[in-house]
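Enquirer: Dumping the structure here so I can ask a few things about it.
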Amino acid sequence: MSLKWIYIKDFPIGQVEVDPSNERRKYNPLGIVNLANSIGRIGQLTPTGIELQTEELLSLEKILATHPNAVTIYGNERTHAIKLLASEGKLDTIKAKVFARLTPEERSRMQVTENATKELIPRPETAESLWDYYKILLEKRSKGEFTKEDLDQSIDHWSLPIETRKLFSASLLLHFSWPSLCFLVF
């Protein structure tokens with residue numbers, strides 16, 4: 001998998017929307033304030049991953065002229081912290097790794113990988129994200145025989161029809177695409 005991306009040191013924070021579907025749905029307001037204070041003192045150390053719905057990544061001026069809004073893939077807390085600094089007039093740009101249009105599998109993999117080591121994400125939210133990722137993989141591996149919409153009718157791997165579970169074991173799907181997360185799910 002070869003993803004198209006460019007690094008932009010000064011992406012306007014006003015052009016970045018926080019992804020509402022990211023697995024991290026709850027934020028500690030004090031944690032955001034502390035992170036904002038840290039970024040205000042020493043700067044943003046890690047770029048935020050953002051996505052543009054485009055196939056071409058050009059210069060920042062051309063990107064903003066043709067695709068003014070970007071959505072976070074990862075780094076939502078950093079984005080919230082920088083938006084807080086922006087509201088105080090202290091910072092108006094974000095360091096960003098800007099990706100061209102991603103597939104649902106690529107987006108989901110990046111989000112779960114970024115958040116897998118975070119201790120404060122509640123386990124149910126992590127499990128829900130991994131289940132969504134599994135459904136995307138199953139749809140892809142079955143070449144459309146099973147769609148994510150069909151699979152949404154099942155609440156977990158064990159509620160899938162037994163034929164489906166036999167053909168596409170969860171550990172086998174994850175093993176071939178993401179061995180480091182097998183222990184988290186199964």
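Residues are referred to by chain and number: the chain letter is A, B, ... according to the order shown in the structure tokens, the number counts from 1 in that chain, and ligands are numbered separately from 1 in the order shown.
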Between range 17-56 of chain A and range 105-113 of chain A, at 12 Å or less, what are the per-residue closest atom pairs and their distances in Å? Count only C-alpha atoms, order by chain and rising residue number, and return it as a Markdown table.
Expert:
| residue | atom | partner | partner_atom | distance |
| --- | --- | --- | --- | --- |
| A:Asp19 | CA | A:Gln111 | CA | 10.4 |
| A:Ser21 | CA | A:Ser108 | CA | 10.0 |
| A:Asn22 | CA | A:Gln111 | CA | 7.0 |
| A:Glu23 | CA | A:Gln111 | CA | 7.6 |
| A:Arg24 | CA | A:Gln111 | CA | 9.3 |
| A:Thr48 | CA | A:Gln111 | CA | 11.3 |
| A:Gly49 | CA | A:Met110 | CA | 8.9 |
| A:Ile50 | CA | A:Arg107 | CA | 10.0 |
| A:Glu51 | CA | A:Arg107 | CA | 8.9 |
| A:Leu52 | CA | A:Arg107 | CA | 11.8 |
Enquirer: Once you have the residues from the selection above, write them out as a PDB file, in the first residue's frame, restricted to N, CA and C atoms.
Expert:
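Result file follows (selection.pdb):
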ATOM      1  N   ASP A  19     -12.489  14.876  12.991  1.00  0.00           N
ATOM      2  CA  ASP A  19     -13.319  13.777  12.499  1.00  0.00           C
ATOM      3  C   ASP A  19     -14.257  13.288  13.598  1.00  0.00           C
ATOM      4  N   SER A  21     -16.156  10.760  13.538  1.00  0.00           N
ATOM      5  CA  SER A  21     -16.285   9.304  13.577  1.00  0.00           C
ATOM      6  C   SER A  21     -15.048   8.624  14.152  1.00  0.00           C
ATOM      7  N   ASN A  22     -14.034   9.392  14.562  1.00  0.00           N
ATOM      8  CA  ASN A  22     -12.850   8.788  15.154  1.00  0.00           C
ATOM      9  C   ASN A  22     -13.234   8.076  16.440  1.00  0.00           C
ATOM     10  N   GLU A  23     -12.513   7.001  16.788  1.00  0.00           N
ATOM     11  CA  GLU A  23     -12.875   6.216  17.960  1.00  0.00           C
ATOM     12  C   GLU A  23     -12.781   7.014  19.256  1.00  0.00           C
ATOM     13  N   ARG A  24     -11.946   8.021  19.302  1.00  0.00           N
ATOM     14  CA  ARG A  24     -11.860   8.835  20.516  1.00  0.00           C
ATOM     15  C   ARG A  24     -13.001   9.854  20.469  1.00  0.00           C
ATOM     16  N   THR A  48      -0.271  16.291  12.823  1.00  0.00           N
ATOM     17  CA  THR A  48      -1.600  15.692  12.796  1.00  0.00           C
ATOM     18  C   THR A  48      -1.830  15.125  11.399  1.00  0.00           C
ATOM     19  N   GLY A  49      -2.423  13.957  11.320  1.00  0.00           N
ATOM     20  CA  GLY A  49      -2.758  13.378  10.017  1.00  0.00           C
ATOM     21  C   GLY A  49      -4.102  13.913   9.565  1.00  0.00           C
ATOM     22  N   ILE A  50      -4.136  14.500   8.383  1.00  0.00           N
ATOM     23  CA  ILE A  50      -5.397  15.012   7.848  1.00  0.00           C
ATOM     24  C   ILE A  50      -5.594  14.504   6.425  1.00  0.00           C
ATOM     25  N   GLU A  51      -6.838  14.465   6.015  1.00  0.00           N
ATOM     26  CA  GLU A  51      -7.182  13.945   4.694  1.00  0.00           C
ATOM     27  C   GLU A  51      -7.917  14.992   3.888  1.00  0.00           C
ATOM     28  N   LEU A  52      -7.563  15.045   2.620  1.00  0.00           N
ATOM     29  CA  LEU A  52      -8.277  15.877   1.656  1.00  0.00           C
ATOM     30  C   LEU A  52      -8.939  14.946   0.643  1.00  0.00           C
TER      31      LEU A  52
END
Enquirer: What lies within 12 Å of Asp92 in chain A using only C-alpha atoms, ignoring chain neighbours under 4 positions off, as a list of chain:residue names?
Expert: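 Here the answer would be A:Lys9, A:Asp10, A:Phe11, A:Pro12, A:Ile13, A:Gly14, A:Gln15, A:Val16, A:Gly40, A:Thr79, A:Ala81, A:Ile82, A:Lys83, A:Leu84, A:Leu85, A:Ala86, A:Ser87, A:Glu88.
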Enquirer: Which residues come within 8 Å of Leu3 in chain A, counting only C-alpha atoms, excluding same-chain residues fewer than 4 positions away, as a PDB file with N, CA and C atoms, in the first residue's frame?
Expert:
ATOM      1  N   PHE A  99      -2.854  13.722   3.613  1.00  0.00           N
ATOM      2  CA  PHE A  99      -3.045  12.559   2.756  1.00  0.00           C
ATOM      3  C   PHE A  99      -4.083  12.850   1.682  1.00  0.00           C
ATOM      4  N   ALA A 100      -3.855  12.269   0.500  1.00  0.00           N
ATOM      5  CA  ALA A 100      -4.870  12.308  -0.552  1.00  0.00           C
ATOM      6  C   ALA A 100      -5.963  11.319  -0.160  1.00  0.00           C
ATOM      7  N   LEU A 102      -8.342   8.669   0.995  1.00  0.00           N
ATOM      8  CA  LEU A 102      -8.033   7.352   1.543  1.00  0.00           C
ATOM      9  C   LEU A 102      -9.213   6.405   1.363  1.00  0.00           C
TER      10      LEU A 102
END
Enquirer: Just how far from CA of Lys135 in chain A is CA of Thr147 in chain A, in Å to one decimal?
Expert: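 So the two atoms, CA of Thr147 in chain A and CA of Lys135 in chain A, lie 7.8 Å apart.
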Enquirer: Distance CA of Gln53 in chain A-CA of Tyr27 in chain A, one decimal place?
Expert: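 Separation of CA of Gln53 in chain A and CA of Tyr27 in chain A: 26.4 Å.
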Enquirer: Can you measure CA of Leu35 in chain A to CA of Asn76 in chain A for me? One decimal in Å is fine.
Expert: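 Atom-to-atom, CA of Leu35 in chain A to CA of Asn76 in chain A, that is 11.6 Å.
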Enquirer: Fewer than 6 positions away in the same chain doesn't count, so skip those; otherwise give me all residues within 9 Å of Leu151 in chain A, counting only C-alpha atoms, as a list in words.
Expert: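 Near Leu151 in chain A, the qualifying residues are Lys135, Leu138, Glu139 and Leu160 of chain A.
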Enquirer: Please produce an output containing N, CA, C and O atoms for each residue in the selection, written as a compact mmCIF listing (two decimals), in the first residue's frame.
Expert:
# COMPACT_ATOMS: atom_id res chain seq x y z
N LYS A 135 -14.99 -5.44 9.53
CA LYS A 135 -16.04 -5.49 8.51
C LYS A 135 -15.53 -4.96 7.17
O LYS A 135 -15.85 -5.51 6.11
N LEU A 138 -13.36 -7.72 5.76
CA LEU A 138 -14.17 -8.84 5.30
C LEU A 138 -14.82 -8.53 3.96
O LEU A 138 -14.82 -9.37 3.05
N GLU A 139 -15.34 -7.32 3.81
CA GLU A 139 -15.94 -6.93 2.54
C GLU A 139 -14.89 -6.99 1.43
O GLU A 139 -15.13 -7.52 0.34
N LEU A 160 -22.05 -13.43 13.47
CA LEU A 160 -22.09 -13.64 12.02
C LEU A 160 -22.55 -15.07 11.74
O LEU A 160 -22.36 -15.96 12.58
Enquirer: Do a neighbour search on Thr46 in chain A at 9 Å with only C-alpha atoms, toss out local chain neighbours closer than 2 positions, and write the hits as a PyMOL selection string.
Expert: chain A and resi 44+48+75+78+95-96
Enquirer: What does the file look like for those residues with N, CA and C atoms, as a PDB file, in the first residue's frame?
Expert:
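Produced file part08.pdb, reproduced below:
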ATOM      1  N   GLN A  44       4.316  22.234  18.458  1.00  0.00           N
ATOM      2  CA  GLN A  44       3.700  20.952  18.115  1.00  0.00           C
ATOM      3  C   GLN A  44       4.807  20.004  17.655  1.00  0.00           C
ATOM      4  N   THR A  48      -0.271  16.291  12.823  1.00  0.00           N
ATOM      5  CA  THR A  48      -1.600  15.692  12.796  1.00  0.00           C
ATOM      6  C   THR A  48      -1.830  15.125  11.399  1.00  0.00           C
ATOM      7  N   GLY A  75      -4.703  12.499  15.571  1.00  0.00           N
ATOM      8  CA  GLY A  75      -4.221  13.742  16.178  1.00  0.00           C
ATOM      9  C   GLY A  75      -5.357  14.672  16.569  1.00  0.00           C
ATOM     10  N   ARG A  78      -4.497  16.896  19.562  1.00  0.00           N
ATOM     11  CA  ARG A  78      -3.601  17.988  19.150  1.00  0.00           C
ATOM     12  C   ARG A  78      -4.404  19.066  18.433  1.00  0.00           C
ATOM     13  N   LYS A  95       0.943  21.706  12.172  1.00  0.00           N
ATOM     14  CA  LYS A  95       1.828  20.861  11.374  1.00  0.00           C
ATOM     15  C   LYS A  95       1.010  19.643  10.972  1.00  0.00           C
ATOM     16  N   ALA A  96       1.007  19.348   9.674  1.00  0.00           N
ATOM     17  CA  ALA A  96       0.127  18.279   9.201  1.00  0.00           C
ATOM     18  C   ALA A  96       0.800  17.386   8.179  1.00  0.00           C
TER      19      ALA A  96
END
Enquirer: Calculated over only C-alpha atoms, which of the candidates A:Pro29, A:Arg41, A:Pro47, A:Glu128 has the smallest distance to His80 in chain A?
Expert: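 Nearest to His80 in chain A: A:Pro29.
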